[in-house]
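Have a look at final-v3.cif below; it lists mmCIF, C-alpha atoms, pLDDT in the B column; chains and numbers go by the auth columns.
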```
data_coords
#
loop_
_atom_site.group_PDB
_atom_site.id
_atom_site.type_symbol
_atom_site.label_atom_id
_atom_site.label_comp_id
_atom_site.label_asym_id
_atom_site.label_seq_id
_atom_site.Cartn_x
_atom_site.Cartn_y
_atom_site.Cartn_z
_atom_site.B_iso_or_equiv
_atom_site.auth_seq_id
_atom_site.auth_asym_id
ATOM 1 C CA MET A 1 0.000 0.000 0.000 50.00 92 X
ATOM 2 C CA LYS A 2 2.853 2.380 0.849 51.00 93 X
ATOM 3 C CA GLY A 3 4.411 1.709 -2.593 49.00 94 X
ATOM 4 C CA LEU A 4 1.120 2.555 -4.297 41.00 95 X
ATOM 5 C CA MET A 5 0.847 5.817 -2.310 45.00 96 X
ATOM 6 C CA ASN A 6 4.409 6.773 -3.271 41.00 97 X
ATOM 7 C CA LEU A 7 3.628 6.020 -6.910 38.00 98 X
ATOM 8 C CA LEU A 8 0.446 8.129 -6.803 39.00 99 X
ATOM 9 C CA PHE A 9 2.263 10.950 -5.009 43.00 100 X
ATOM 10 C CA GLY A 10 5.028 10.851 -7.644 41.00 101 X
ATOM 11 C CA LEU A 11 2.444 10.865 -10.415 41.00 102 X
ATOM 12 C CA VAL A 12 0.707 13.916 -8.904 43.00 103 X
ATOM 13 C CA ILE A 13 4.046 15.754 -8.639 48.00 104 X
ATOM 14 C CA PHE A 14 4.894 14.830 -12.246 45.00 105 X
ATOM 15 C CA LEU A 15 1.502 16.015 -13.546 43.00 106 X
ATOM 16 C CA ASN A 16 1.800 19.292 -11.642 46.00 107 X
ATOM 17 C CA LEU A 17 5.241 19.917 -13.139 45.00 108 X
ATOM 18 C CA LEU A 18 3.901 19.078 -16.587 47.00 109 X
ATOM 19 C CA ILE A 19 0.973 21.475 -16.196 49.00 110 X
ATOM 20 C CA VAL A 20 3.205 24.277 -14.890 47.00 111 X
ATOM 21 C CA SER A 21 5.765 23.834 -17.687 51.00 112 X
ATOM 22 C CA ASN A 22 3.027 23.830 -20.336 55.00 113 X
ATOM 23 C CA ALA A 23 1.380 26.869 -18.786 52.00 114 X
ATOM 24 C CA GLU A 24 4.523 28.923 -19.293 62.00 115 X
ATOM 25 C CA GLU A 25 4.396 30.785 -22.553 72.00 116 X
ATOM 26 C CA LYS A 26 7.240 29.886 -24.869 93.00 117 X
ATOM 27 C CA ASN A 27 8.706 32.647 -26.989 95.00 118 X
ATOM 28 C CA ILE A 28 10.939 32.794 -30.038 96.00 119 X
ATOM 29 C CA ARG A 29 12.666 35.929 -31.283 97.00 120 X
ATOM 30 C CA LEU A 30 13.041 36.184 -35.066 97.00 121 X
ATOM 31 C CA THR A 31 14.633 38.858 -37.216 97.00 122 X
ATOM 32 C CA ILE A 32 13.327 40.027 -40.575 96.00 123 X
ATOM 33 C CA GLY A 33 13.602 42.969 -42.934 97.00 124 X
ATOM 34 C CA GLU A 34 11.153 44.974 -44.991 97.00 125 X
ATOM 35 C CA TRP A 35 9.773 43.109 -48.015 94.00 126 X
ATOM 36 C CA PRO A 36 6.118 44.056 -48.419 94.00 127 X
ATOM 37 C CA PRO A 37 3.643 42.474 -48.698 92.00 128 X
ATOM 38 C CA LEU A 38 5.436 39.430 -47.255 93.00 129 X
ATOM 39 C CA TYR A 39 7.159 41.222 -44.364 95.00 130 X
ATOM 40 C CA SER A 40 6.614 44.767 -43.176 96.00 131 X
ATOM 41 C CA GLU A 41 6.529 46.498 -39.835 96.00 132 X
ATOM 42 C CA LYS A 42 3.741 48.697 -41.212 97.00 133 X
ATOM 43 C CA LEU A 43 1.349 45.902 -42.244 96.00 134 X
ATOM 44 C CA LYS A 44 -1.260 44.008 -40.257 96.00 135 X
ATOM 45 C CA HIS A 45 0.377 40.921 -38.690 96.00 136 X
ATOM 46 C CA TYR A 46 3.676 42.327 -40.047 97.00 137 X
ATOM 47 C CA GLY A 47 2.852 40.907 -43.480 96.00 138 X
ATOM 48 C CA VAL A 48 1.615 37.691 -45.045 94.00 139 X
ATOM 49 C CA MET A 49 4.634 35.486 -44.267 94.00 140 X
ATOM 50 C CA SER A 50 4.999 36.829 -40.744 96.00 141 X
ATOM 51 C CA HIS A 51 1.374 35.938 -40.119 96.00 142 X
ATOM 52 C CA ILE A 52 1.827 32.404 -41.491 94.00 143 X
ATOM 53 C CA THR A 53 4.952 31.977 -39.349 95.00 144 X
ATOM 54 C CA GLU A 54 3.176 33.218 -36.213 96.00 145 X
ATOM 55 C CA GLU A 55 0.238 30.885 -36.786 96.00 146 X
ATOM 56 C CA ALA A 56 2.531 27.879 -37.299 94.00 147 X
ATOM 57 C CA PHE A 57 4.393 28.584 -34.061 94.00 148 X
ATOM 58 C CA ALA A 58 1.119 29.255 -32.231 95.00 149 X
ATOM 59 C CA LEU A 59 -0.004 25.706 -33.064 95.00 150 X
ATOM 60 C CA GLU A 60 2.938 24.570 -30.923 93.00 151 X
ATOM 61 C CA GLY A 61 2.260 27.085 -28.145 94.00 152 X
ATOM 62 C CA VAL A 62 5.088 29.415 -29.136 96.00 153 X
ATOM 63 C CA LYS A 63 4.698 33.191 -29.421 96.00 154 X
ATOM 64 C CA VAL A 64 6.839 35.021 -31.988 97.00 155 X
ATOM 65 C CA GLN A 65 8.560 38.320 -31.244 97.00 156 X
ATOM 66 C CA TRP A 66 9.706 40.065 -34.439 98.00 157 X
ATOM 67 C CA GLY A 67 12.704 42.327 -34.835 98.00 158 X
ATOM 68 C CA PHE A 68 12.861 44.444 -38.003 98.00 159 X
ATOM 69 C CA PHE A 69 16.362 45.297 -39.213 98.00 160 X
ATOM 70 C CA PRO A 70 18.150 45.879 -42.506 98.00 161 X
ATOM 71 C CA TRP A 71 18.464 42.420 -44.070 96.00 162 X
ATOM 72 C CA ALA A 72 22.232 42.021 -43.560 96.00 163 X
ATOM 73 C CA ARG A 73 21.908 42.947 -39.883 98.00 164 X
ATOM 74 C CA ALA A 74 18.899 40.626 -39.467 97.00 165 X
ATOM 75 C CA PHE A 75 21.046 37.777 -40.761 96.00 166 X
ATOM 76 C CA ASP A 76 24.050 38.659 -38.587 97.00 167 X
ATOM 77 C CA LEU A 77 22.018 39.069 -35.388 97.00 168 X
ATOM 78 C CA ALA A 78 20.549 35.594 -35.829 96.00 169 X
ATOM 79 C CA LYS A 79 23.905 34.144 -36.922 96.00 170 X
ATOM 80 C CA LYS A 80 25.589 35.481 -33.758 96.00 171 X
ATOM 81 C CA GLY A 81 22.791 34.059 -31.619 95.00 172 X
ATOM 82 C CA ASP A 82 21.535 37.433 -30.384 97.00 173 X
ATOM 83 C CA TRP A 83 18.137 36.350 -31.794 97.00 174 X
ATOM 84 C CA HIS A 84 16.836 32.783 -32.132 96.00 175 X
ATOM 85 C CA GLY A 85 16.554 32.864 -35.913 95.00 176 X
ATOM 86 C CA THR A 86 15.543 34.786 -38.982 96.00 177 X
ATOM 87 C CA SER A 87 12.824 34.418 -41.589 94.00 178 X
ATOM 88 C CA GLY A 88 12.460 35.094 -45.284 91.00 179 X
ATOM 89 C CA TRP A 89 15.629 33.571 -46.708 93.00 180 X
ATOM 90 C CA SER A 90 16.211 31.064 -49.475 90.00 181 X
ATOM 91 C CA PRO A 91 18.746 28.333 -48.763 92.00 182 X
ATOM 92 C CA THR A 92 22.306 28.855 -50.011 94.00 183 X
ATOM 93 C CA ASP A 93 25.503 27.009 -49.152 95.00 184 X
ATOM 94 C CA GLU A 94 26.708 29.982 -47.077 93.00 185 X
ATOM 95 C CA ARG A 95 23.467 30.311 -45.127 94.00 186 X
ATOM 96 C CA SER A 96 23.232 26.552 -44.602 94.00 187 X
ATOM 97 C CA GLU A 97 26.532 26.686 -42.691 95.00 188 X
ATOM 98 C CA PHE A 98 24.770 28.585 -39.908 94.00 189 X
ATOM 99 C CA PHE A 99 21.061 27.765 -40.100 94.00 190 X
ATOM 100 C CA TYR A 100 18.613 24.937 -40.551 94.00 191 X
ATOM 101 C CA PHE A 101 15.949 25.585 -43.155 92.00 192 X
ATOM 102 C CA SER A 102 12.317 24.544 -42.951 89.00 193 X
ATOM 103 C CA ASP A 103 10.466 23.199 -45.943 89.00 194 X
ATOM 104 C CA ARG A 104 9.502 25.891 -48.419 87.00 195 X
ATOM 105 C CA VAL A 105 6.545 27.879 -47.110 86.00 196 X
ATOM 106 C CA TYR A 106 6.109 30.301 -49.985 85.00 197 X
ATOM 107 C CA GLU A 107 7.151 30.169 -53.601 85.00 198 X
ATOM 108 C CA GLU A 108 7.365 33.349 -55.580 81.00 199 X
ATOM 109 C CA PRO A 109 7.376 33.225 -59.378 84.00 200 X
ATOM 110 C CA VAL A 110 10.112 35.114 -61.193 80.00 201 X
ATOM 111 C CA VAL A 111 8.865 36.910 -64.278 82.00 202 X
ATOM 112 C CA PHE A 112 10.073 39.561 -66.698 81.00 203 X
ATOM 113 C CA PHE A 113 8.088 42.568 -67.847 84.00 204 X
ATOM 114 C CA TYR A 114 9.120 44.122 -71.140 84.00 205 X
ATOM 115 C CA LEU A 115 7.605 46.206 -73.907 88.00 206 X
ATOM 116 C CA LYS A 116 5.939 44.116 -76.589 87.00 207 X
ATOM 117 C CA GLU A 117 7.793 45.987 -79.328 89.00 208 X
ATOM 118 C CA SER A 118 11.177 45.251 -77.692 85.00 209 X
ATOM 119 C CA LYS A 119 13.191 42.229 -78.722 83.00 210 X
ATOM 120 C CA PHE A 120 13.523 40.052 -75.652 81.00 211 X
ATOM 121 C CA ASP A 121 15.164 36.774 -76.488 81.00 212 X
ATOM 122 C CA TRP A 122 16.770 34.641 -73.838 81.00 213 X
ATOM 123 C CA THR A 123 17.392 30.995 -73.081 82.00 214 X
ATOM 124 C CA SER A 124 18.773 31.102 -69.525 82.00 215 X
ATOM 125 C CA ILE A 125 19.532 33.496 -66.694 78.00 216 X
ATOM 126 C CA GLU A 126 23.157 33.530 -67.815 85.00 217 X
ATOM 127 C CA SER A 127 22.183 34.674 -71.328 80.00 218 X
ATOM 128 C CA LEU A 128 20.670 37.825 -69.909 76.00 219 X
#
```

Produce structure tokens that represent the structure in this file.
Amino acid sequence: MKGLMNLLFGLVIFLNLLIVSNAEEKNIRLTIGEWPPLYSEKLKHYGVMSHITEEAFALEGVKVQWGFFPWARAFDLAKKGDWHGTSGWSPTDERSEFFYFSDRVYEEPVVFFYLKESKFDWTSIESL
């Protein structure tokens, strides 16, 4: 009987610790730069991608704090560990040395606009 009481007491302690740790709000600090309408300090939810990012973290009980900086500084602050991470970057070899990348969240088409009467003939990015 004493063993059962100790087990129940331990279980109660464990559950209380679990409840307290889950009750604490978790935060993540991310840097970004201005790139409207995806990211902007002036837009609702700080832009479309910021809103998607916040909602994804919220599903895991994490609140996002955003820091807006020029892009190079946003990268460096996250790289040095002053902030937890940064958002809005495409993977490159250099960036992959310092950061893990999530799956692609947003894909933006690349297009050219030119006058119809202009000759615009190309076969690759390099030929431009």

- Message: As a check of understanding, name the residues that the PyMOL selection byres ((chain X and resi 189) around 12) selects in the supplied structure, as a list in words.
- Response: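 Output of the PyMOL selection byres ((chain X and resi 189) around 12): Phe166, Asp167, Leu168, Ala169, Lys170, Lys171, Gly172, His175, Gly176, Thr177, Pro182, Thr183, Asp184, Glu185, Arg186, Ser187, Glu188, Phe190, Tyr191 and Phe192 of chain X.
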
- Message: My list of candidates is X:Phe159, X:Lys207, X:Ala165, X:Ser178. Which is closest to Ser141 (chain X) when distances are computed with all atoms listed in the file?
- Response: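 Using all atoms listed in the file, the shortest distance to Ser141 (chain X) belongs to X:Ser178.
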
- Message: Would you compute the distance between CA of Asp173 (chain X) and CA of Glu198 (chain X)? Give it in Å to one decimal.
- Response: 28.3 Å

- In Å, with one decimal, what is the gap from CA of Leu129 (chain X) to CA of Lys117 (chain X)?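 For CA of Leu129 (chain X) relative to CA of Lys117 (chain X), the distance reads 24.4 Å.
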
- Message: When you look at Ile143 (chain X) with a cut-off of 10 Å (counting only C-alpha atoms), what residues show up, excluding the ones that are within fewer than 6 positions of it in the same chain? I need them as a VMD selection string.
- Response: chain X and resid 129 136 149 196 to 197

Each side padded by 3 Å, which centre and which edge lengths in Å (one decimal) define the axis-aligned box around the listed atoms of region 123-141 of chain X? Give them as lines of an AutoDock Vina configuration file.
```
center_x = 6.2
center_y = 42.1
center_z = -43.7
size_x = 20.9
size_y = 19.2
size_z = 16.0
```

- Query: If you measure from CA of Ser131 (chain X) to CA of Tyr205 (chain X), what distance in Å do you get, rounded to one decimal?
  - Reply: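 Atom-to-atom, CA of Ser131 (chain X) to CA of Tyr205 (chain X), that is 28.1 Å.
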
- Nearest residue to Lys154 (chain X) from the set X:Glu116, X:Asp194, X:Glu208, X:Glu125 (distances using all atoms listed in the file): X:Glu116

- Tell me which protein, DNA and RNA residues are within 12 Å of Glu145 (chain X), counting all atoms listed in the file, leaving out same-chain ones fewer than 2 positions away, and put them as a ChimeraX atom specification. /X:118-121,136-143,147-157,178
